[in-house]
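The file final_21.cif comes next; it holds mmCIF, N, CA and C atoms.
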data_protein
loop_
_atom_site.label_atom_id
_atom_site.label_comp_id
_atom_site.auth_asym_id
_atom_site.auth_seq_id
_atom_site.Cartn_x
_atom_site.Cartn_y
_atom_site.Cartn_z
N MET A 1 151.30 17.20 -17.12
CA MET A 1 151.10 17.29 -18.56
C MET A 1 151.74 18.55 -19.10
N ARG A 2 152.28 18.42 -20.28
CA ARG A 2 152.89 19.59 -20.91
C ARG A 2 151.84 20.63 -21.26
N LYS A 3 152.30 21.85 -21.42
CA LYS A 3 151.40 22.95 -21.72
C LYS A 3 150.59 22.73 -23.00
N SER A 4 151.20 22.09 -23.98
CA SER A 4 150.52 21.88 -25.27
C SER A 4 149.33 20.93 -25.14
N TYR A 5 149.24 20.19 -24.02
CA TYR A 5 148.13 19.27 -23.80
C TYR A 5 147.00 19.91 -22.99
N ARG A 6 147.09 21.21 -22.72
CA ARG A 6 146.10 21.83 -21.84
C ARG A 6 145.24 22.85 -22.56
N VAL A 7 143.98 22.89 -22.17
CA VAL A 7 143.08 23.97 -22.56
C VAL A 7 143.16 24.97 -21.42
N LYS A 8 143.69 26.15 -21.68
CA LYS A 8 143.94 27.10 -20.60
C LYS A 8 143.10 28.38 -20.70
N LYS A 9 142.88 28.86 -21.90
CA LYS A 9 142.23 30.16 -22.07
C LYS A 9 140.72 30.05 -21.88
N GLU A 10 140.15 31.10 -21.34
CA GLU A 10 138.71 31.16 -21.10
C GLU A 10 137.93 30.97 -22.40
N GLN A 11 138.41 31.56 -23.50
CA GLN A 11 137.73 31.43 -24.79
C GLN A 11 137.69 29.97 -25.24
N GLU A 12 138.79 29.24 -25.00
CA GLU A 12 138.84 27.83 -25.39
C GLU A 12 137.87 27.00 -24.55
N PHE A 13 137.81 27.29 -23.24
CA PHE A 13 136.85 26.61 -22.37
C PHE A 13 135.43 26.86 -22.87
N GLN A 14 135.12 28.12 -23.15
CA GLN A 14 133.76 28.48 -23.57
C GLN A 14 133.39 27.83 -24.90
N LYS A 15 134.35 27.72 -25.81
CA LYS A 15 134.09 27.08 -27.10
C LYS A 15 133.69 25.61 -26.91
N VAL A 16 134.40 24.91 -26.02
CA VAL A 16 134.07 23.51 -25.75
C VAL A 16 132.71 23.42 -25.07
N PHE A 17 132.43 24.32 -24.11
CA PHE A 17 131.13 24.32 -23.43
C PHE A 17 129.99 24.54 -24.42
N ARG A 18 130.14 25.55 -25.27
CA ARG A 18 129.04 25.94 -26.16
C ARG A 18 128.81 24.97 -27.31
N HIS A 19 129.90 24.49 -27.91
CA HIS A 19 129.77 23.72 -29.15
C HIS A 19 129.99 22.22 -28.96
N GLY A 20 130.47 21.82 -27.82
CA GLY A 20 130.75 20.40 -27.58
C GLY A 20 129.56 19.69 -26.98
N SER A 21 129.70 18.38 -26.82
CA SER A 21 128.67 17.60 -26.15
C SER A 21 129.21 17.12 -24.81
N SER A 22 128.30 16.67 -23.96
CA SER A 22 128.73 16.30 -22.62
C SER A 22 128.17 14.95 -22.20
N VAL A 23 128.90 14.30 -21.33
CA VAL A 23 128.46 13.07 -20.68
C VAL A 23 128.91 13.17 -19.22
N ALA A 24 128.26 12.39 -18.37
CA ALA A 24 128.58 12.49 -16.95
C ALA A 24 128.37 11.16 -16.25
N ASN A 25 129.05 11.01 -15.13
CA ASN A 25 128.75 9.95 -14.18
C ASN A 25 128.65 10.63 -12.82
N ARG A 26 128.66 9.87 -11.77
CA ARG A 26 128.47 10.44 -10.44
C ARG A 26 129.57 11.43 -10.06
N ALA A 27 130.80 11.16 -10.47
CA ALA A 27 131.94 11.94 -10.00
C ALA A 27 132.42 13.02 -10.96
N PHE A 28 132.20 12.85 -12.27
CA PHE A 28 132.77 13.77 -13.25
C PHE A 28 131.79 14.07 -14.38
N VAL A 29 131.99 15.24 -14.98
CA VAL A 29 131.31 15.61 -16.22
C VAL A 29 132.40 15.85 -17.24
N ILE A 30 132.18 15.37 -18.46
CA ILE A 30 133.14 15.61 -19.54
C ILE A 30 132.43 16.31 -20.68
N TYR A 31 132.96 17.45 -21.08
CA TYR A 31 132.53 18.15 -22.29
C TYR A 31 133.62 17.88 -23.32
N HIS A 32 133.22 17.51 -24.53
CA HIS A 32 134.23 17.23 -25.55
C HIS A 32 133.83 17.82 -26.89
N LEU A 33 134.83 18.26 -27.62
CA LEU A 33 134.64 18.90 -28.92
C LEU A 33 135.70 18.37 -29.87
N ASP A 34 135.27 17.84 -31.02
CA ASP A 34 136.23 17.36 -32.02
C ASP A 34 136.93 18.54 -32.67
N VAL A 35 138.24 18.41 -32.82
CA VAL A 35 139.06 19.42 -33.47
C VAL A 35 139.88 18.70 -34.54
N PRO A 36 139.40 18.70 -35.79
CA PRO A 36 140.11 17.97 -36.84
C PRO A 36 141.54 18.47 -37.03
N ASP A 37 142.41 17.58 -37.44
CA ASP A 37 143.81 17.87 -37.75
C ASP A 37 144.62 18.34 -36.54
N GLN A 38 144.21 17.97 -35.36
CA GLN A 38 144.98 18.30 -34.16
C GLN A 38 145.93 17.14 -33.87
N LYS A 39 147.17 17.44 -33.49
CA LYS A 39 148.18 16.39 -33.29
C LYS A 39 147.89 15.52 -32.08
N HIS A 40 147.36 16.12 -31.02
CA HIS A 40 147.07 15.37 -29.80
C HIS A 40 145.92 16.04 -29.06
N PHE A 41 145.34 15.30 -28.13
CA PHE A 41 144.22 15.84 -27.36
C PHE A 41 144.69 17.00 -26.49
N ARG A 42 143.72 17.82 -26.07
CA ARG A 42 143.99 18.86 -25.08
C ARG A 42 142.89 18.74 -24.02
N VAL A 43 143.26 18.98 -22.78
CA VAL A 43 142.32 18.80 -21.68
C VAL A 43 142.33 20.04 -20.77
N GLY A 44 141.17 20.37 -20.28
CA GLY A 44 141.02 21.40 -19.24
C GLY A 44 140.40 20.74 -18.02
N ILE A 45 140.87 21.12 -16.85
CA ILE A 45 140.38 20.51 -15.61
C ILE A 45 139.79 21.61 -14.74
N SER A 46 138.60 21.35 -14.22
CA SER A 46 137.94 22.31 -13.36
C SER A 46 137.47 21.62 -12.08
N VAL A 47 137.95 22.11 -10.96
CA VAL A 47 137.53 21.62 -9.65
C VAL A 47 137.13 22.85 -8.84
N GLY A 48 135.83 23.07 -8.71
CA GLY A 48 135.33 24.29 -8.09
C GLY A 48 135.31 24.23 -6.57
N LYS A 49 134.96 25.35 -5.98
CA LYS A 49 134.92 25.44 -4.53
C LYS A 49 133.79 24.64 -3.91
N LYS A 50 132.81 24.22 -4.71
CA LYS A 50 131.76 23.36 -4.19
C LYS A 50 132.32 22.01 -3.76
N ILE A 51 133.42 21.63 -4.36
CA ILE A 51 134.06 20.35 -4.03
C ILE A 51 134.67 20.41 -2.64
N GLY A 52 135.30 21.52 -2.33
CA GLY A 52 135.93 21.70 -1.03
C GLY A 52 136.50 23.10 -0.95
N HIS A 53 136.44 23.69 0.20
CA HIS A 53 136.89 25.07 0.33
C HIS A 53 138.39 25.19 0.52
N THR A 54 139.08 24.08 0.71
CA THR A 54 140.53 24.17 0.86
C THR A 54 141.21 23.89 -0.47
N ALA A 55 142.21 24.69 -0.78
CA ALA A 55 142.96 24.51 -2.02
C ALA A 55 143.68 23.17 -2.02
N VAL A 56 144.04 22.70 -0.84
CA VAL A 56 144.75 21.41 -0.73
C VAL A 56 143.89 20.29 -1.32
N LEU A 57 142.63 20.23 -0.95
CA LEU A 57 141.73 19.19 -1.45
C LEU A 57 141.51 19.33 -2.95
N ARG A 58 141.24 20.55 -3.41
CA ARG A 58 141.00 20.77 -4.85
C ARG A 58 142.22 20.41 -5.67
N ASN A 59 143.40 20.79 -5.20
CA ASN A 59 144.63 20.48 -5.93
C ASN A 59 144.91 18.98 -5.94
N GLN A 60 144.58 18.29 -4.86
CA GLN A 60 144.77 16.85 -4.81
C GLN A 60 143.91 16.16 -5.87
N ILE A 61 142.67 16.59 -6.00
CA ILE A 61 141.77 16.01 -7.01
C ILE A 61 142.32 16.28 -8.40
N LYS A 62 142.81 17.50 -8.63
CA LYS A 62 143.40 17.83 -9.93
C LYS A 62 144.62 16.98 -10.23
N ARG A 63 145.45 16.73 -9.22
CA ARG A 63 146.63 15.87 -9.41
C ARG A 63 146.20 14.45 -9.78
N TYR A 64 145.18 13.94 -9.10
CA TYR A 64 144.67 12.60 -9.41
C TYR A 64 144.17 12.53 -10.85
N ILE A 65 143.44 13.55 -11.28
CA ILE A 65 142.91 13.58 -12.64
C ILE A 65 144.06 13.63 -13.65
N ARG A 66 145.02 14.52 -13.43
CA ARG A 66 146.15 14.64 -14.35
C ARG A 66 146.94 13.35 -14.45
N GLN A 67 147.21 12.71 -13.31
CA GLN A 67 147.96 11.45 -13.33
C GLN A 67 147.19 10.35 -14.05
N SER A 68 145.89 10.30 -13.82
CA SER A 68 145.07 9.30 -14.51
C SER A 68 145.12 9.51 -16.02
N LEU A 69 145.00 10.77 -16.45
CA LEU A 69 145.03 11.07 -17.88
C LEU A 69 146.41 10.78 -18.46
N LEU A 70 147.45 11.02 -17.69
CA LEU A 70 148.80 10.71 -18.15
C LEU A 70 148.96 9.21 -18.40
N GLU A 71 148.40 8.39 -17.52
CA GLU A 71 148.46 6.95 -17.69
C GLU A 71 147.58 6.47 -18.85
N LEU A 72 146.52 7.20 -19.14
CA LEU A 72 145.60 6.83 -20.22
C LEU A 72 145.96 7.48 -21.56
N LYS A 73 146.98 8.31 -21.56
CA LYS A 73 147.37 9.10 -22.73
C LYS A 73 147.46 8.29 -24.03
N PRO A 74 148.08 7.10 -24.05
CA PRO A 74 148.18 6.36 -25.33
C PRO A 74 146.83 5.92 -25.88
N TYR A 75 145.80 5.89 -25.05
CA TYR A 75 144.49 5.37 -25.47
C TYR A 75 143.48 6.46 -25.79
N LEU A 76 143.84 7.72 -25.56
CA LEU A 76 142.90 8.81 -25.79
C LEU A 76 142.93 9.28 -27.24
N LYS A 77 141.76 9.64 -27.77
CA LYS A 77 141.67 10.17 -29.13
C LYS A 77 142.51 11.43 -29.24
N ALA A 78 143.13 11.62 -30.41
CA ALA A 78 144.03 12.75 -30.59
C ALA A 78 143.31 14.04 -31.01
N ASP A 79 142.29 13.93 -31.82
CA ASP A 79 141.68 15.12 -32.42
C ASP A 79 140.50 15.65 -31.61
N VAL A 80 140.74 15.90 -30.32
CA VAL A 80 139.65 16.34 -29.46
C VAL A 80 140.17 17.26 -28.36
N ASP A 81 139.35 18.24 -28.01
CA ASP A 81 139.55 19.05 -26.81
C ASP A 81 138.47 18.59 -25.84
N PHE A 82 138.83 18.38 -24.57
CA PHE A 82 137.80 18.01 -23.61
C PHE A 82 138.08 18.63 -22.25
N LEU A 83 137.01 18.79 -21.50
CA LEU A 83 137.07 19.37 -20.17
C LEU A 83 136.60 18.33 -19.17
N VAL A 84 137.32 18.22 -18.07
CA VAL A 84 136.92 17.33 -16.99
C VAL A 84 136.49 18.21 -15.83
N ILE A 85 135.25 18.08 -15.42
CA ILE A 85 134.72 18.88 -14.32
C ILE A 85 134.37 17.93 -13.18
N ALA A 86 134.95 18.19 -12.03
CA ALA A 86 134.73 17.33 -10.87
C ALA A 86 133.41 17.69 -10.20
N ARG A 87 132.70 16.67 -9.74
CA ARG A 87 131.48 16.85 -8.96
C ARG A 87 131.77 16.53 -7.50
N LYS A 88 130.83 16.89 -6.62
CA LYS A 88 131.03 16.70 -5.19
C LYS A 88 131.48 15.31 -4.76
N PRO A 89 130.90 14.23 -5.30
CA PRO A 89 131.34 12.90 -4.84
C PRO A 89 132.82 12.61 -5.09
N SER A 90 133.46 13.34 -5.98
CA SER A 90 134.87 13.09 -6.28
C SER A 90 135.78 13.40 -5.10
N ARG A 91 135.33 14.20 -4.17
CA ARG A 91 136.20 14.57 -3.04
C ARG A 91 136.45 13.41 -2.09
N GLN A 92 135.64 12.36 -2.16
CA GLN A 92 135.81 11.22 -1.26
C GLN A 92 136.52 10.05 -1.93
N LEU A 93 137.00 10.25 -3.16
CA LEU A 93 137.62 9.17 -3.90
C LEU A 93 139.13 9.18 -3.75
N ASP A 94 139.72 7.99 -3.70
CA ASP A 94 141.18 7.91 -3.73
C ASP A 94 141.61 7.86 -5.20
N PHE A 95 142.91 7.78 -5.45
CA PHE A 95 143.43 7.84 -6.81
C PHE A 95 142.82 6.76 -7.71
N PHE A 96 142.76 5.53 -7.22
CA PHE A 96 142.29 4.43 -8.06
C PHE A 96 140.81 4.57 -8.39
N GLN A 97 140.03 5.09 -7.46
CA GLN A 97 138.61 5.33 -7.72
C GLN A 97 138.43 6.47 -8.71
N VAL A 98 139.27 7.51 -8.61
CA VAL A 98 139.22 8.61 -9.57
C VAL A 98 139.51 8.07 -10.96
N LYS A 99 140.55 7.24 -11.07
CA LYS A 99 140.92 6.69 -12.38
C LYS A 99 139.80 5.82 -12.94
N ARG A 100 139.20 4.98 -12.12
CA ARG A 100 138.09 4.13 -12.59
C ARG A 100 136.92 4.97 -13.08
N ASN A 101 136.57 6.00 -12.32
CA ASN A 101 135.46 6.87 -12.71
C ASN A 101 135.79 7.64 -13.99
N LEU A 102 137.03 8.08 -14.14
CA LEU A 102 137.43 8.78 -15.36
C LEU A 102 137.36 7.84 -16.56
N ILE A 103 137.84 6.61 -16.40
CA ILE A 103 137.76 5.64 -17.49
C ILE A 103 136.30 5.44 -17.90
N HIS A 104 135.43 5.30 -16.92
CA HIS A 104 134.01 5.11 -17.19
C HIS A 104 133.43 6.26 -18.00
N VAL A 105 133.67 7.48 -17.57
CA VAL A 105 133.07 8.63 -18.25
C VAL A 105 133.74 8.88 -19.61
N LEU A 106 135.04 8.58 -19.73
CA LEU A 106 135.71 8.71 -21.03
C LEU A 106 135.17 7.69 -22.03
N LYS A 107 134.85 6.50 -21.55
CA LYS A 107 134.24 5.50 -22.43
C LYS A 107 132.85 5.95 -22.87
N LEU A 108 132.09 6.54 -21.95
CA LEU A 108 130.76 7.06 -22.31
C LEU A 108 130.86 8.13 -23.38
N ALA A 109 131.92 8.94 -23.29
CA ALA A 109 132.12 10.03 -24.25
C ALA A 109 132.71 9.53 -25.57
N GLY A 110 133.19 8.29 -25.60
CA GLY A 110 133.80 7.75 -26.81
C GLY A 110 135.19 8.29 -27.05
N LEU A 111 135.89 8.68 -26.00
CA LEU A 111 137.22 9.27 -26.15
C LEU A 111 138.36 8.27 -25.98
N LEU A 112 138.05 7.06 -25.55
CA LEU A 112 139.09 6.04 -25.41
C LEU A 112 139.15 5.20 -26.68
N ALA A 113 140.35 4.83 -27.07
CA ALA A 113 140.55 4.01 -28.27
C ALA A 113 139.90 2.64 -28.09
N SER A 114 139.57 2.02 -29.20
CA SER A 114 138.89 0.73 -29.16
C SER A 114 139.76 -0.38 -28.59
N ASP A 115 141.10 -0.25 -28.69
CA ASP A 115 141.98 -1.30 -28.17
C ASP A 115 142.28 -1.13 -26.68
N PHE A 116 141.66 -0.16 -26.04
CA PHE A 116 141.94 0.09 -24.61
C PHE A 116 141.63 -1.11 -23.75
N GLU A 117 140.44 -1.66 -23.89
CA GLU A 117 140.03 -2.76 -23.02
C GLU A 117 140.82 -4.04 -23.32
N ALA A 118 141.26 -4.21 -24.55
CA ALA A 118 142.04 -5.39 -24.90
C ALA A 118 143.39 -5.39 -24.17
N GLU A 119 143.99 -4.20 -24.02
CA GLU A 119 145.30 -4.12 -23.37
C GLU A 119 145.20 -4.03 -21.86
N ILE A 120 144.25 -3.27 -21.35
CA ILE A 120 144.13 -3.06 -19.91
C ILE A 120 143.33 -4.16 -19.25
N GLY A 121 142.25 -4.57 -19.89
CA GLY A 121 141.40 -5.60 -19.33
C GLY A 121 140.17 -5.01 -18.68
N PRO A 122 139.06 -5.73 -18.68
CA PRO A 122 137.79 -5.20 -18.17
C PRO A 122 137.77 -5.01 -16.66
N ALA A 123 138.64 -5.68 -15.91
CA ALA A 123 138.59 -5.60 -14.44
C ALA A 123 138.86 -4.19 -13.95
N THR A 124 139.71 -3.44 -14.65
CA THR A 124 140.04 -2.08 -14.19
C THR A 124 139.08 -1.04 -14.70
N THR A 125 138.12 -1.41 -15.54
CA THR A 125 137.23 -0.43 -16.12
C THR A 125 135.88 -0.36 -15.45
N THR A 126 135.69 -1.07 -14.36
CA THR A 126 134.40 -1.01 -13.68
C THR A 126 134.26 0.27 -12.91
N SER A 127 133.05 0.74 -12.77
CA SER A 127 132.79 1.99 -12.06
C SER A 127 132.08 1.71 -10.75
N ASN A 128 132.25 2.62 -9.80
CA ASN A 128 131.55 2.49 -8.49
C ASN A 128 130.14 2.93 -8.62
#
Target encoding structure tokens, full file:
Amino acid sequence: MRKSYRVKKEQEFQKVFRHGSSVANRAFVIYHLDVPDQKHFRVGISVGKKIGHTAVLRNQIKRYIRQSLLELKPYLKADVDFLVIARKPSRQLDFFQVKRNLIHVLKLAGLLASDFEAEIGPATTTSN
């Protein structure tokens, strides 16, 4: 993802944590904050050492999350900043399971467009 699509600064992370709302499933937590008049969404990804002590594992999970969001980009709301925080069960998921879980939690948060299921279909939106 391009830099303009990322929440990078600590102050921006804290603003979303403090003023945003959150939803979660088994694998991920999403904090989201509406930002009116924003051209496109921005995302921050956090995969802590509780997930795994090797950088290889943490980076792999981050790559899976980024790729999933890249594929879902046309369906995500534009005027929002959100954070994706990985939980321990995410370390045992492959790419397709990560994507399914992300779709599930994004739907819970109301961040996916209403036409998402019409184009993709309900079979890919089931959660484990």
**Item:** Spatial neighbours of Gly48 of chain A, max dist 10 Å, only C-alpha atoms, sep filter under 6 positions, as a ChimeraX atom specification
**Value:** /A:55,58,85-88
**Item:** Near-Phe95 of chain A list (6 Å; only N, CA and C atoms; drop same-chain fewer than 4 positions) as a ChimeraX atom specification
**Value:** /A:64,99-100
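Reported to one decimal place, the separation of atom N of Asp79 of chain A from atom C of Gln38 of chain A is 5.3 Å.
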**Message:** Around (147.5, 7.5, -23.7), as given in the file, which residues come within 12 Å? Count only C-alpha atoms and list them as number ranges by chain.
**Reply:** A: 1, 5, 40-42, 66-78, 103, 111-113, 115-116, 119-120
**Message:** Report, in Å to a single decimal, how far apart atom CA of Pro89 of chain A and atom CA of Ile61 of chain A are.
**Reply:**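 Pair atom CA of Ile61 of chain A / atom CA of Pro89 of chain A returns 11.1 Å.
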**Request:** Based on DSSP run over this structure's backbone, return all residues of chain A in strand (DSSP E or B), as a ChimeraX atom specification.
**Result:** /A:6,21-24,28-34,42-46,76,80-86,112
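Near Lys15 of chain A, within 10 Å and counting only C-alpha atoms, sit A:Glu10, A:Gln11, A:His19, A:Gly20, A:His32, A:Leu33, A:Asp81; same-chain residues fewer than 4 positions away were not included.
When only C-alpha atoms are used to compute distances to Val43 of chain A, the closest of the residues A:Phe82, A:Arg2, A:Ser90, A:Leu102 turns out to be A:Phe82.
Atom pair atom C of Val35 of chain A / atom CA of Val98 of chain A has a distance of 26.9 Å (rounded to one decimal).
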Written as a PDB file with N, CA and C atoms, in the coordinates of the input, which residues does the PyMOL selection byres ((chain A and resi 23-26) around 6.5) give for the file shown?
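Saved to expr-v4.pdb:
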ATOM      1  N   SER A  21     129.700  18.380 -26.820  1.00  0.00           N
ATOM      2  CA  SER A  21     128.670  17.600 -26.150  1.00  0.00           C
ATOM      3  C   SER A  21     129.210  17.120 -24.810  1.00  0.00           C
ATOM      4  N   SER A  22     128.300  16.670 -23.960  1.00  0.00           N
ATOM      5  CA  SER A  22     128.730  16.300 -22.620  1.00  0.00           C
ATOM      6  C   SER A  22     128.170  14.950 -22.200  1.00  0.00           C
ATOM      7  N   ALA A  27     130.800  11.160 -10.470  1.00  0.00           N
ATOM      8  CA  ALA A  27     131.940  11.940 -10.000  1.00  0.00           C
ATOM      9  C   ALA A  27     132.420  13.020 -10.960  1.00  0.00           C
ATOM     10  N   PHE A  28     132.200  12.850 -12.270  1.00  0.00           N
ATOM     11  CA  PHE A  28     132.770  13.770 -13.250  1.00  0.00           C
ATOM     12  C   PHE A  28     131.790  14.070 -14.380  1.00  0.00           C
ATOM     13  N   VAL A  29     131.990  15.240 -14.980  1.00  0.00           N
ATOM     14  CA  VAL A  29     131.310  15.610 -16.220  1.00  0.00           C
ATOM     15  C   VAL A  29     132.400  15.850 -17.240  1.00  0.00           C
ATOM     16  N   ILE A  30     132.180  15.370 -18.460  1.00  0.00           N
ATOM     17  CA  ILE A  30     133.140  15.610 -19.540  1.00  0.00           C
ATOM     18  C   ILE A  30     132.430  16.310 -20.680  1.00  0.00           C
ATOM     19  N   TYR A  31     132.960  17.450 -21.080  1.00  0.00           N
ATOM     20  CA  TYR A  31     132.530  18.150 -22.290  1.00  0.00           C
ATOM     21  C   TYR A  31     133.620  17.880 -23.320  1.00  0.00           C
ATOM     22  N   HIS A  32     133.220  17.510 -24.530  1.00  0.00           N
ATOM     23  CA  HIS A  32     134.230  17.230 -25.550  1.00  0.00           C
ATOM     24  C   HIS A  32     133.830  17.820 -26.890  1.00  0.00           C
ATOM     25  N   ARG A  87     132.700  16.670  -9.740  1.00  0.00           N
ATOM     26  CA  ARG A  87     131.480  16.850  -8.960  1.00  0.00           C
ATOM     27  C   ARG A  87     131.770  16.530  -7.500  1.00  0.00           C
ATOM     28  N   PRO A  89     130.900  14.230  -5.300  1.00  0.00           N
ATOM     29  CA  PRO A  89     131.340  12.900  -4.840  1.00  0.00           C
ATOM     30  C   PRO A  89     132.820  12.610  -5.090  1.00  0.00           C
ATOM     31  N   SER A  90     133.460  13.340  -5.980  1.00  0.00           N
ATOM     32  CA  SER A  90     134.870  13.090  -6.280  1.00  0.00           C
ATOM     33  C   SER A  90     135.780  13.400  -5.100  1.00  0.00           C
ATOM     34  N   VAL A 105     133.670   7.480 -17.570  1.00  0.00           N
ATOM     35  CA  VAL A 105     133.070   8.630 -18.250  1.00  0.00           C
ATOM     36  C   VAL A 105     133.740   8.880 -19.610  1.00  0.00           C
ATOM     37  N   LEU A 108     132.090   6.540 -21.950  1.00  0.00           N
ATOM     38  CA  LEU A 108     130.760   7.060 -22.310  1.00  0.00           C
ATOM     39  C   LEU A 108     130.860   8.130 -23.380  1.00  0.00           C
ATOM     40  N   ALA A 109     131.920   8.940 -23.290  1.00  0.00           N
ATOM     41  CA  ALA A 109     132.120  10.030 -24.250  1.00  0.00           C
ATOM     42  C   ALA A 109     132.710   9.530 -25.570  1.00  0.00           C
TER      43      ALA A 109
END
**Message:** Given all atoms listed in the file as the basis, pick out the residue of A:Val80, A:Ile51, A:Ile45, A:Leu106 nearest to Ile65 of chain A.
**Reply:**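 So, comparing all the options, the nearest one is A:Ile45.
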**Option closest in space to Lys9 of chain A, from A:Leu93, A:Asp34, A:Gly44, A:Gly110 [counting only C-alpha atoms]** =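 Nearest candidate to Lys9 of chain A out of A:Leu93, A:Asp34, A:Gly44, A:Gly110: A:Gly44.
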**Item:** Those in chain A with helix (DSSP H, G or I) from DSSP, as a ChimeraX atom specification
**Value:** /A:3-5,10-19,55-75,88-92,95-109,116-120,122-125
**Asked** Closest to Asp94 of chain A among A:Thr54, A:Ser46, A:Gln14, A:Gln60, using only C-alpha atoms?
**Response**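 Once distances to Asp94 of chain A are computed over only C-alpha atoms, the minimum belongs to A:Gln60.
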